[in-house]
file protein-v3.txt (compact mmCIF, C-alpha atoms and all ligand atoms)
# COMPACT_ATOMS: atom_id res chain seq x y z
CA MET X 1 1.42 1.26 4.03
CA SER X 2 4.99 0.46 4.97
CA THR X 3 6.20 -3.15 5.02
CA ASP X 4 9.37 -4.81 6.25
CA SER X 5 9.15 -7.53 3.58
CA PRO X 6 12.26 -7.79 1.37
CA LEU X 7 10.09 -8.77 -1.60
CA ILE X 8 9.58 -6.38 -4.52
CA ILE X 9 7.26 -7.71 -7.22
CA ALA X 10 8.00 -6.54 -10.77
CA LEU X 11 4.78 -5.43 -12.46
CA ASP X 12 6.02 -5.87 -16.03
CA TYR X 13 2.73 -5.37 -17.89
CA PRO X 14 1.75 -3.57 -21.10
CA SER X 15 -1.27 -1.78 -19.65
CA LEU X 16 -2.50 -0.10 -16.48
CA ASP X 17 -5.48 -2.47 -16.31
CA ALA X 18 -3.31 -5.59 -16.46
CA ALA X 19 -0.95 -4.18 -13.82
CA LEU X 20 -3.79 -3.27 -11.47
CA CYS X 21 -5.37 -6.71 -11.91
CA MET X 22 -2.16 -8.23 -10.57
CA ALA X 23 -1.77 -5.59 -7.84
CA ASP X 24 -5.27 -6.41 -6.63
CA ARG X 25 -4.21 -10.01 -6.12
CA LEU X 26 -1.22 -8.98 -3.96
CA ASP X 27 -1.02 -7.68 -0.38
CA PRO X 28 0.78 -4.39 0.39
CA ALA X 29 1.63 -5.70 3.87
CA ARG X 30 3.68 -8.50 2.30
CA CYS X 31 5.47 -6.94 -0.67
CA ARG X 32 6.36 -3.76 -2.53
CA LEU X 33 5.81 -3.27 -6.26
CA LYS X 34 8.17 -2.28 -9.05
CA VAL X 35 7.01 -0.23 -12.03
CA GLY X 36 9.34 -0.44 -15.00
CA LYS X 37 9.81 1.09 -18.40
CA GLU X 38 7.04 -0.63 -20.37
CA LEU X 39 4.26 0.01 -17.88
CA PHE X 40 5.33 3.57 -17.07
CA THR X 41 5.76 4.50 -20.74
CA ARG X 42 2.23 3.32 -21.41
CA SER X 43 0.41 4.49 -18.31
CA GLY X 44 2.42 7.47 -17.08
CA PRO X 45 2.19 8.63 -13.48
CA ASP X 46 -1.41 7.34 -13.19
CA VAL X 47 -0.02 3.93 -12.30
CA LEU X 48 1.87 5.39 -9.34
CA GLU X 49 -1.23 7.10 -8.02
CA ALA X 50 -3.29 3.92 -8.42
CA LEU X 51 -0.74 1.75 -6.61
CA HIS X 52 -0.17 4.29 -3.83
CA GLY X 53 -3.96 4.48 -3.44
CA ARG X 54 -3.99 0.71 -2.88
CA GLY X 55 -1.40 1.06 -0.12
CA PHE X 56 1.71 -0.17 -1.96
CA GLU X 57 5.18 1.30 -1.74
CA VAL X 58 6.59 1.61 -5.25
CA PHE X 59 10.07 1.23 -6.73
CA LEU X 60 10.11 3.26 -9.96
CA ASP X 61 12.61 1.35 -12.08
CA LEU X 62 13.41 3.63 -15.02
CA LYS X 63 17.20 3.23 -14.76
CA PHE X 64 18.02 6.84 -15.61
CA HIS X 65 21.30 7.32 -17.52
CA ASP X 66 22.00 10.79 -18.95
CA ILE X 67 23.94 13.97 -18.22
CA PRO X 68 23.92 14.97 -14.52
CA ASN X 69 21.38 17.81 -14.77
CA THR X 70 18.88 15.70 -16.71
CA VAL X 71 19.12 12.76 -14.33
CA ALA X 72 18.83 14.99 -11.26
CA GLY X 73 15.62 16.44 -12.72
CA ALA X 74 14.19 13.00 -13.50
CA VAL X 75 14.98 11.66 -10.03
CA HIS X 76 13.46 14.80 -8.48
CA ALA X 77 10.27 14.30 -10.53
CA ALA X 78 10.03 10.66 -9.44
CA ALA X 79 10.56 11.51 -5.78
CA GLU X 80 7.91 14.24 -5.87
CA GLN X 81 5.43 11.60 -6.97
CA GLY X 82 6.03 9.81 -3.69
CA VAL X 83 7.88 6.72 -4.87
CA TRP X 84 9.74 4.70 -2.25
CA MET X 85 12.75 3.98 -4.47
CA VAL X 86 14.19 5.12 -7.80
CA ASN X 87 17.27 4.04 -9.74
CA VAL X 88 19.96 5.28 -12.13
CA HIS X 89 22.73 3.47 -14.02
CA ALA X 90 26.04 3.59 -12.12
CA GLY X 91 27.71 3.70 -15.56
CA GLY X 92 26.51 7.31 -15.77
CA GLY X 93 29.40 8.13 -13.45
CA ARG X 94 30.13 9.92 -10.20
CA ARG X 95 28.98 13.41 -11.18
CA MET X 96 25.65 12.09 -12.44
CA MET X 97 24.98 10.12 -9.24
CA GLU X 98 26.10 12.99 -6.99
CA ALA X 99 23.83 15.43 -8.81
CA ALA X 100 20.85 13.13 -8.29
CA ARG X 101 21.59 12.62 -4.60
CA GLU X 102 22.17 16.33 -4.00
CA ARG X 103 18.88 17.22 -5.68
CA LEU X 104 16.94 14.89 -3.38
CA GLU X 105 18.73 16.23 -0.32
CA ARG X 106 18.20 19.85 -1.28
CA HIS X 107 14.45 19.25 -1.47
CA GLY X 108 14.27 17.08 1.66
CA LEU X 109 13.01 14.08 -0.32
CA GLY X 110 13.49 10.71 1.40
CA THR X 111 13.19 8.47 -1.67
CA ARG X 112 15.86 5.75 -1.74
CA LEU X 113 18.25 6.25 -4.62
CA ILE X 114 20.11 3.22 -5.94
CA ALA X 115 22.35 2.50 -8.91
CA VAL X 116 22.29 -0.41 -11.34
CA THR X 117 25.71 -2.08 -11.60
CA VAL X 118 25.78 -4.86 -14.23
CA LEU X 119 22.43 -6.14 -15.45
CA THR X 120 21.60 -9.70 -14.38
CA SER X 121 21.08 -10.66 -18.02
CA MET X 122 24.73 -9.84 -18.87
CA THR X 123 27.55 -12.39 -19.13
CA ALA X 124 31.32 -11.86 -19.41
CA ASP X 125 30.99 -12.17 -23.21
CA ASP X 126 28.33 -9.45 -23.29
CA LEU X 127 30.58 -7.15 -21.25
CA ALA X 128 33.57 -7.84 -23.52
CA GLU X 129 31.47 -6.86 -26.53
CA VAL X 130 30.83 -3.41 -25.05
CA GLY X 131 34.50 -2.94 -24.20
CA VAL X 132 34.53 -4.08 -20.57
CA GLY X 133 37.30 -6.65 -20.33
CA VAL X 134 36.74 -7.79 -16.73
CA SER X 135 34.35 -10.34 -15.21
CA PRO X 136 30.80 -9.30 -14.25
CA ALA X 137 31.77 -9.71 -10.57
CA ALA X 138 34.77 -7.38 -10.90
CA GLN X 139 32.74 -4.78 -12.77
CA VAL X 140 29.96 -4.95 -10.15
CA GLU X 141 32.54 -4.35 -7.39
CA ARG X 142 33.94 -1.36 -9.21
CA LEU X 143 30.53 0.23 -9.89
CA ALA X 144 29.16 -0.55 -6.41
CA THR X 145 32.14 1.14 -4.77
CA LEU X 146 31.70 4.15 -7.03
CA ALA X 147 27.96 4.23 -6.24
CA ARG X 148 28.65 4.15 -2.50
CA ASP X 149 31.28 6.91 -2.82
CA SER X 150 28.80 8.97 -4.86
CA GLY X 151 26.20 8.87 -2.09
CA MET X 152 23.85 6.16 -3.36
CA HIS X 153 21.79 4.27 -0.77
CA GLY X 154 22.61 1.01 -2.52
CA VAL X 155 22.81 -0.87 -5.78
CA VAL X 156 20.99 -3.25 -8.05
CA CYS X 157 23.17 -6.32 -8.61
CA SER X 158 22.78 -10.06 -8.91
CA ALA X 159 22.52 -12.02 -5.67
CA GLN X 160 25.69 -13.82 -6.72
CA GLU X 161 27.50 -10.57 -5.91
CA SER X 162 25.72 -9.75 -2.63
CA ALA X 163 28.17 -11.48 -0.30
CA ARG X 164 31.17 -9.64 -1.73
CA LEU X 165 29.31 -6.31 -1.65
CA ARG X 166 28.34 -6.88 1.97
CA GLU X 167 32.06 -7.19 2.76
CA LEU X 168 32.94 -4.13 0.69
CA CYS X 169 30.05 -1.77 1.47
CA GLY X 170 28.48 -3.10 4.69
CA ASP X 171 25.03 -4.37 5.73
CA ASP X 172 23.26 -1.00 5.51
CA PHE X 173 24.14 -0.44 1.86
CA LEU X 174 21.08 -1.73 -0.01
CA LYS X 175 21.59 -4.74 -2.29
CA VAL X 176 18.50 -5.03 -4.46
CA THR X 177 18.74 -8.25 -6.40
CA PRO X 178 16.71 -9.36 -9.43
CA GLY X 179 17.37 -12.68 -11.16
CA ILE X 180 15.64 -14.48 -8.29
CA ARG X 181 14.49 -17.95 -9.25
CA PRO X 182 12.79 -20.25 -6.71
CA ALA X 183 13.12 -23.97 -7.51
CA PHE X 184 9.59 -23.99 -9.04
CA ALA X 185 10.28 -21.24 -11.60
CA GLN X 186 11.79 -21.08 -15.09
CA VAL X 187 15.05 -19.22 -15.66
CA GLY X 188 13.93 -17.37 -18.84
CA ASP X 189 16.28 -14.62 -20.05
CA GLN X 190 18.13 -14.19 -16.75
CA GLN X 191 21.77 -15.33 -16.48
CA ARG X 192 23.14 -14.60 -12.99
CA ILE X 193 20.40 -16.14 -10.83
CA MET X 194 19.90 -17.41 -7.26
CA THR X 195 17.09 -18.86 -5.13
CA PRO X 196 15.35 -16.50 -2.66
CA GLY X 197 16.77 -18.23 0.44
CA ASP X 198 20.32 -18.26 -0.88
CA ALA X 199 20.04 -14.62 -1.97
CA MET X 200 19.02 -13.41 1.51
CA ALA X 201 21.70 -15.59 3.14
CA ALA X 202 24.26 -14.02 0.80
CA GLY X 203 23.36 -10.51 2.01
CA SER X 204 20.71 -9.26 -0.41
CA THR X 205 18.50 -6.72 1.37
CA HIS X 206 15.67 -6.81 -1.20
CA LEU X 207 14.63 -9.41 -3.76
CA VAL X 208 13.05 -8.36 -7.06
CA VAL X 209 10.76 -11.12 -8.30
CA GLY X 210 8.73 -10.87 -11.48
CA ARG X 211 7.51 -13.80 -13.53
CA PRO X 212 7.85 -16.48 -10.82
CA ILE X 213 4.99 -14.65 -9.05
CA THR X 214 3.16 -12.71 -11.77
CA GLN X 215 2.89 -15.72 -14.07
CA ALA X 216 1.92 -18.15 -11.32
CA GLU X 217 -1.68 -19.33 -11.35
CA GLU X 218 -1.98 -18.24 -7.74
CA PRO X 219 0.43 -15.31 -7.20
CA MET X 220 -0.13 -15.15 -3.42
CA GLU X 221 0.63 -18.87 -3.14
CA ALA X 222 3.87 -18.37 -5.05
CA LEU X 223 4.67 -15.40 -2.80
CA ALA X 224 3.91 -17.50 0.30
CA ALA X 225 6.21 -20.27 -1.00
CA ILE X 226 9.01 -17.73 -1.31
CA GLU X 227 8.29 -16.32 2.18
CA ALA X 228 8.44 -19.87 3.57
CA GLU X 229 11.90 -20.25 2.04
CA LEU X 230 13.04 -17.07 3.78
CA ASN X 231 11.91 -18.04 7.29
O1 LIG X 301 16.64 -2.89 -12.14
C1 LIG X 301 16.04 -3.98 -12.18
O2 LIG X 301 15.03 -4.14 -11.52
C2 LIG X 301 16.66 -5.09 -12.92
C3 LIG X 301 18.04 -5.04 -13.04
C4 LIG X 301 18.73 -6.18 -13.52
O3 LIG X 301 19.96 -6.21 -13.56
N1 LIG X 301 18.00 -7.26 -13.91
C5 LIG X 301 16.63 -7.30 -13.86
O4 LIG X 301 16.04 -8.34 -14.20
N2 LIG X 301 15.96 -6.19 -13.42
C6 LIG X 301 14.47 -6.19 -13.41
O5 LIG X 301 13.98 -7.19 -12.51
C7 LIG X 301 12.80 -7.81 -13.03
C8 LIG X 301 13.05 -9.29 -13.08
O6 LIG X 301 11.87 -9.93 -13.48
P1 LIG X 301 11.80 -11.52 -13.62
O7 LIG X 301 12.99 -12.00 -14.43
O8 LIG X 301 10.48 -11.77 -14.31
O9 LIG X 301 11.84 -12.09 -12.20
C9 LIG X 301 12.52 -7.15 -14.38
O10 LIG X 301 11.53 -6.16 -14.16
C10 LIG X 301 13.84 -6.50 -14.76
O11 LIG X 301 13.64 -5.28 -15.48
call {"tool": "encode", "arguments": {"input": "protein-v3.txt", "output": "structure tokens", "more": "lines below"}}
Ligand SMILES: O=C(O)c1cc(=O)[nH]c(=O)n1[C@@H]1O[C@H](COP(=O)(O)O)[C@@H](O)[C@H]1O
result
Amino acid sequence: MSTDSPLIIALDYPSLDAALCMADRLDPARCRLKVGKELFTRSGPDVLEALHGRGFEVFLDLKFHDIPNTVAGAVHAAAEQGVWMVNVHAGGGRRMMEAARERLERHGLGTRLIAVTVLTSMTADDLAEVGVGVSPAAQVERLATLARDSGMHGVVCSAQESARLRELCGDDFLKVTPGIRPAFAQVGDQQRIMTPGDAMAAGSTHLVVGRPITQAEEPMEALAAIEAELN
């Protein structure tokens, strides 16, 4: 089932059963699902089949970062399993991103390919420690421009950077933004956060929401509260 909802729910669970329990409480007409490293490492491709079978479109969030040939192969494998979106780290550089994009094109695969810029958990101090002496916003701009020039469909960034990226890269360039925190939710380990309404107003095209929905007593009520903020 295809949906026009901007919401992508992060299924960060340690087992297939736990992930499917949550998926069964959600509606594929009103959100997409994101499968990340923990769940995929435990369950393998079975989780993709199970979620596709339930009608969900899936963002496979494995943030590939390796030499170009290896990443192209990994992205190809993900796309052949029918995922809606897959991502790589923009820090892997132009040749890595181009190789991934070319591989999808060569095989006629329509999976969206996006690049992670600066993780939403990172601060300026964290960047300085790994040798990046500019602000998170400046580094996001640099990597987003490189991602666009390397043929990516969009980027993962914080919603705090969406407005600037809309100016730089346009409306059609996807801005997938985690670190979304509605007023009712706890911040947790995220640093560069925004509310759902503000994020969409700033130009985010998709909102990645995990714990504010998956740890709510009534996930569909939490999802409805976020939808109400967007309308
Ligand atoms: O690529 C991602 O999805 C991602 C990138 C990023 O910079 N920050 C970030 O939080 N994420 C993911 O987005 C989700 C956020 O979940 P919550 O913090 O629970 O809403 C997690 O699955 C993260 O792995």
call {"tool": "closest_atom_pairs", "arguments": {"input": "protein-v3.txt", "of": "chain X", "to": "ligand LIG 301 (chain X)", "cutoff": "10 Å", "atoms": "only C-alpha atoms and all ligand atoms", "output": "tab-separated table"}}
result
residue	atom	partner	partner_atom	distance
X:Ile8	CA	X:LIG301	O2	9.1
X:Ile9	CA	X:LIG301	C7	8.0
X:Ala10	CA	X:LIG301	O10	4.9
X:Leu11	CA	X:LIG301	O10	7.0
X:Asp12	CA	X:LIG301	O10	5.8
X:Tyr13	CA	X:LIG301	O10	9.6
X:Lys34	CA	X:LIG301	O10	7.2
X:Val35	CA	X:LIG301	O10	7.8
X:Gly36	CA	X:LIG301	O10	6.2
X:Lys37	CA	X:LIG301	O11	8.0
X:Glu38	CA	X:LIG301	O11	9.4
X:Phe59	CA	X:LIG301	O2	8.7
X:Leu60	CA	X:LIG301	O2	9.0
X:Asp61	CA	X:LIG301	O1	5.8
X:Leu62	CA	X:LIG301	O1	7.8
X:Lys63	CA	X:LIG301	O1	6.7
X:Val86	CA	X:LIG301	O1	9.4
X:Asn87	CA	X:LIG301	O1	7.4
X:Val88	CA	X:LIG301	O1	8.8
X:His89	CA	X:LIG301	O1	9.0
X:Ile114	CA	X:LIG301	O1	9.4
X:Ala115	CA	X:LIG301	O1	8.5
X:Val116	CA	X:LIG301	O1	6.2
X:Thr117	CA	X:LIG301	O3	7.3
X:Val118	CA	X:LIG301	O3	6.0
X:Leu119	CA	X:LIG301	O3	3.1
X:Thr120	CA	X:LIG301	O3	3.9
X:Ser121	CA	X:LIG301	N1	6.2
X:Met122	CA	X:LIG301	O3	8.0
X:Val155	CA	X:LIG301	O1	9.1
X:Val156	CA	X:LIG301	O1	6.0
X:Cys157	CA	X:LIG301	O3	5.9
X:Ser158	CA	X:LIG301	O3	6.7
X:Val176	CA	X:LIG301	O2	7.9
X:Thr177	CA	X:LIG301	C3	7.4
X:Pro178	CA	X:LIG301	O5	4.7
X:Gly179	CA	X:LIG301	O4	5.5
X:Ile180	CA	X:LIG301	O9	6.0
X:Arg181	CA	X:LIG301	O9	7.1
X:Pro182	CA	X:LIG301	O9	9.9
X:Ala185	CA	X:LIG301	O9	9.3
X:Gln186	CA	X:LIG301	O7	9.2
X:Val187	CA	X:LIG301	O7	7.6
X:Gly188	CA	X:LIG301	O7	7.0
X:Asp189	CA	X:LIG301	O7	7.0
X:Gln190	CA	X:LIG301	O7	6.0
X:Gln191	CA	X:LIG301	N1	9.3
X:Arg192	CA	X:LIG301	O3	9.0
X:Ile193	CA	X:LIG301	O7	9.2
X:Leu207	CA	X:LIG301	O5	9.1
X:Val208	CA	X:LIG301	O5	5.7
X:Val209	CA	X:LIG301	O9	4.2
X:Gly210	CA	X:LIG301	O9	3.4
X:Arg211	CA	X:LIG301	O8	3.7
X:Pro212	CA	X:LIG301	O9	6.1
X:Ile213	CA	X:LIG301	O9	8.0
X:Thr214	CA	X:LIG301	O8	7.8
X:Gln215	CA	X:LIG301	O8	8.6
call {"tool": "write_last_selection", "arguments": {"input": "protein-v3.txt", "atoms": "C-alpha atoms", "output": "PDB file, in the coordinates of the input"}}
result
ATOM      1  CA  ILE X   8       9.580  -6.380  -4.520  1.00  0.00           C
ATOM      2  CA  ILE X   9       7.260  -7.710  -7.220  1.00  0.00           C
ATOM      3  CA  ALA X  10       8.000  -6.540 -10.770  1.00  0.00           C
ATOM      4  CA  LEU X  11       4.780  -5.430 -12.460  1.00  0.00           C
ATOM      5  CA  ASP X  12       6.020  -5.870 -16.030  1.00  0.00           C
ATOM      6  CA  TYR X  13       2.730  -5.370 -17.890  1.00  0.00           C
ATOM      7  CA  LYS X  34       8.170  -2.280  -9.050  1.00  0.00           C
ATOM      8  CA  VAL X  35       7.010  -0.230 -12.030  1.00  0.00           C
ATOM      9  CA  GLY X  36       9.340  -0.440 -15.000  1.00  0.00           C
ATOM     10  CA  LYS X  37       9.810   1.090 -18.400  1.00  0.00           C
ATOM     11  CA  GLU X  38       7.040  -0.630 -20.370  1.00  0.00           C
ATOM     12  CA  PHE X  59      10.070   1.230  -6.730  1.00  0.00           C
ATOM     13  CA  LEU X  60      10.110   3.260  -9.960  1.00  0.00           C
ATOM     14  CA  ASP X  61      12.610   1.350 -12.080  1.00  0.00           C
ATOM     15  CA  LEU X  62      13.410   3.630 -15.020  1.00  0.00           C
ATOM     16  CA  LYS X  63      17.200   3.230 -14.760  1.00  0.00           C
ATOM     17  CA  VAL X  86      14.190   5.120  -7.800  1.00  0.00           C
ATOM     18  CA  ASN X  87      17.270   4.040  -9.740  1.00  0.00           C
ATOM     19  CA  VAL X  88      19.960   5.280 -12.130  1.00  0.00           C
ATOM     20  CA  HIS X  89      22.730   3.470 -14.020  1.00  0.00           C
ATOM     21  CA  ILE X 114      20.110   3.220  -5.940  1.00  0.00           C
ATOM     22  CA  ALA X 115      22.350   2.500  -8.910  1.00  0.00           C
ATOM     23  CA  VAL X 116      22.290  -0.410 -11.340  1.00  0.00           C
ATOM     24  CA  THR X 117      25.710  -2.080 -11.600  1.00  0.00           C
ATOM     25  CA  VAL X 118      25.780  -4.860 -14.230  1.00  0.00           C
ATOM     26  CA  LEU X 119      22.430  -6.140 -15.450  1.00  0.00           C
ATOM     27  CA  THR X 120      21.600  -9.700 -14.380  1.00  0.00           C
ATOM     28  CA  SER X 121      21.080 -10.660 -18.020  1.00  0.00           C
ATOM     29  CA  MET X 122      24.730  -9.840 -18.870  1.00  0.00           C
ATOM     30  CA  VAL X 155      22.810  -0.870  -5.780  1.00  0.00           C
ATOM     31  CA  VAL X 156      20.990  -3.250  -8.050  1.00  0.00           C
ATOM     32  CA  CYS X 157      23.170  -6.320  -8.610  1.00  0.00           C
ATOM     33  CA  SER X 158      22.780 -10.060  -8.910  1.00  0.00           C
ATOM     34  CA  VAL X 176      18.500  -5.030  -4.460  1.00  0.00           C
ATOM     35  CA  THR X 177      18.740  -8.250  -6.400  1.00  0.00           C
ATOM     36  CA  PRO X 178      16.710  -9.360  -9.430  1.00  0.00           C
ATOM     37  CA  GLY X 179      17.370 -12.680 -11.160  1.00  0.00           C
ATOM     38  CA  ILE X 180      15.640 -14.480  -8.290  1.00  0.00           C
ATOM     39  CA  ARG X 181      14.490 -17.950  -9.250  1.00  0.00           C
ATOM     40  CA  PRO X 182      12.790 -20.250  -6.710  1.00  0.00           C
ATOM     41  CA  ALA X 185      10.280 -21.240 -11.600  1.00  0.00           C
ATOM     42  CA  GLN X 186      11.790 -21.080 -15.090  1.00  0.00           C
ATOM     43  CA  VAL X 187      15.050 -19.220 -15.660  1.00  0.00           C
ATOM     44  CA  GLY X 188      13.930 -17.370 -18.840  1.00  0.00           C
ATOM     45  CA  ASP X 189      16.280 -14.620 -20.050  1.00  0.00           C
ATOM     46  CA  GLN X 190      18.130 -14.190 -16.750  1.00  0.00           C
ATOM     47  CA  GLN X 191      21.770 -15.330 -16.480  1.00  0.00           C
ATOM     48  CA  ARG X 192      23.140 -14.600 -12.990  1.00  0.00           C
ATOM     49  CA  ILE X 193      20.400 -16.140 -10.830  1.00  0.00           C
ATOM     50  CA  LEU X 207      14.630  -9.410  -3.760  1.00  0.00           C
ATOM     51  CA  VAL X 208      13.050  -8.360  -7.060  1.00  0.00           C
ATOM     52  CA  VAL X 209      10.760 -11.120  -8.300  1.00  0.00           C
ATOM     53  CA  GLY X 210       8.730 -10.870 -11.480  1.00  0.00           C
ATOM     54  CA  ARG X 211       7.510 -13.800 -13.530  1.00  0.00           C
ATOM     55  CA  PRO X 212       7.850 -16.480 -10.820  1.00  0.00           C
ATOM     56  CA  ILE X 213       4.990 -14.650  -9.050  1.00  0.00           C
ATOM     57  CA  THR X 214       3.160 -12.710 -11.770  1.00  0.00           C
ATOM     58  CA  GLN X 215       2.890 -15.720 -14.070  1.00  0.00           C
TER      59      GLN X 215
END
call {"tool": "closest_residue", "arguments": {"input": "protein-v3.txt", "among": "X:Gly93, X:Asp17, X:Thr111, X:Arg30", "to": "Val47 (chain X)", "atoms": "all atoms listed in the file"}}
result
X:Asp17
call {"tool": "closest_residue", "arguments": {"input": "protein-v3.txt", "among": "X:Asp27, X:Glu229, X:Glu105, X:Glu80", "to": "Thr195 (chain X)", "atoms": "all atoms listed in the file"}}
result
X:Glu229
call {"tool": "atom_distance", "arguments": {"input": "protein-v3.txt", "atom1": "CA of Ala199 (chain X)", "atom2": "CA of Ser162 (chain X)"}}
result
7.5 Å
call {"tool": "closest_residue", "arguments": {"input": "protein-v3.txt", "among": "X:Leu39, X:Ala147, X:Leu33, X:Leu7", "to": "Ser204 (chain X)", "atoms": "all atoms listed in the file"}}
result
X:Leu7
call {"tool": "axis_aligned_box", "arguments": {"input": "protein-v3.txt", "around": "region 26-41 of chain X", "padding_each_side": "3 Å", "output": "JSON"}}
result
{"center_x": 4.3, "center_y": -2.2, "center_z": -8.4, "size_x": 17.0, "size_y": 19.5, "size_z": 30.6}
call {"tool": "atom_distance", "arguments": {"input": "protein-v3.txt", "atom1": "CA of Phe56 (chain X)", "atom2": "CA of Asn231 (chain X)"}}
result
22.6 Å
call {"tool": "atom_distance", "arguments": {"input": "protein-v3.txt", "atom1": "CA of Ala79 (chain X)", "atom2": "CA of Lys175 (chain X)"}}
result
19.9 Å
call {"tool": "closest_residue", "arguments": {"input": "protein-v3.txt", "among": "X:Leu143, X:Phe184, X:Leu113, X:Val58", "to": "Leu165 (chain X)", "atoms": "all atoms listed in the file"}}
result
X:Leu143
call {"tool": "residues_around", "arguments": {"input": "protein-v3.txt", "residues": "Ala124 (chain X)", "least_positions_apart": "6", "cutoff": "10 Å", "atoms": "only C-alpha atoms", "output": "number ranges by chain"}}
result
X: 132-137, 139
call {"tool": "closest_residue", "arguments": {"input": "protein-v3.txt", "among": "X:Asp46, X:Pro28, X:Met96, X:Leu51", "to": "Asp66 (chain X)", "atoms": "all atoms listed in the file"}}
result
X:Met96
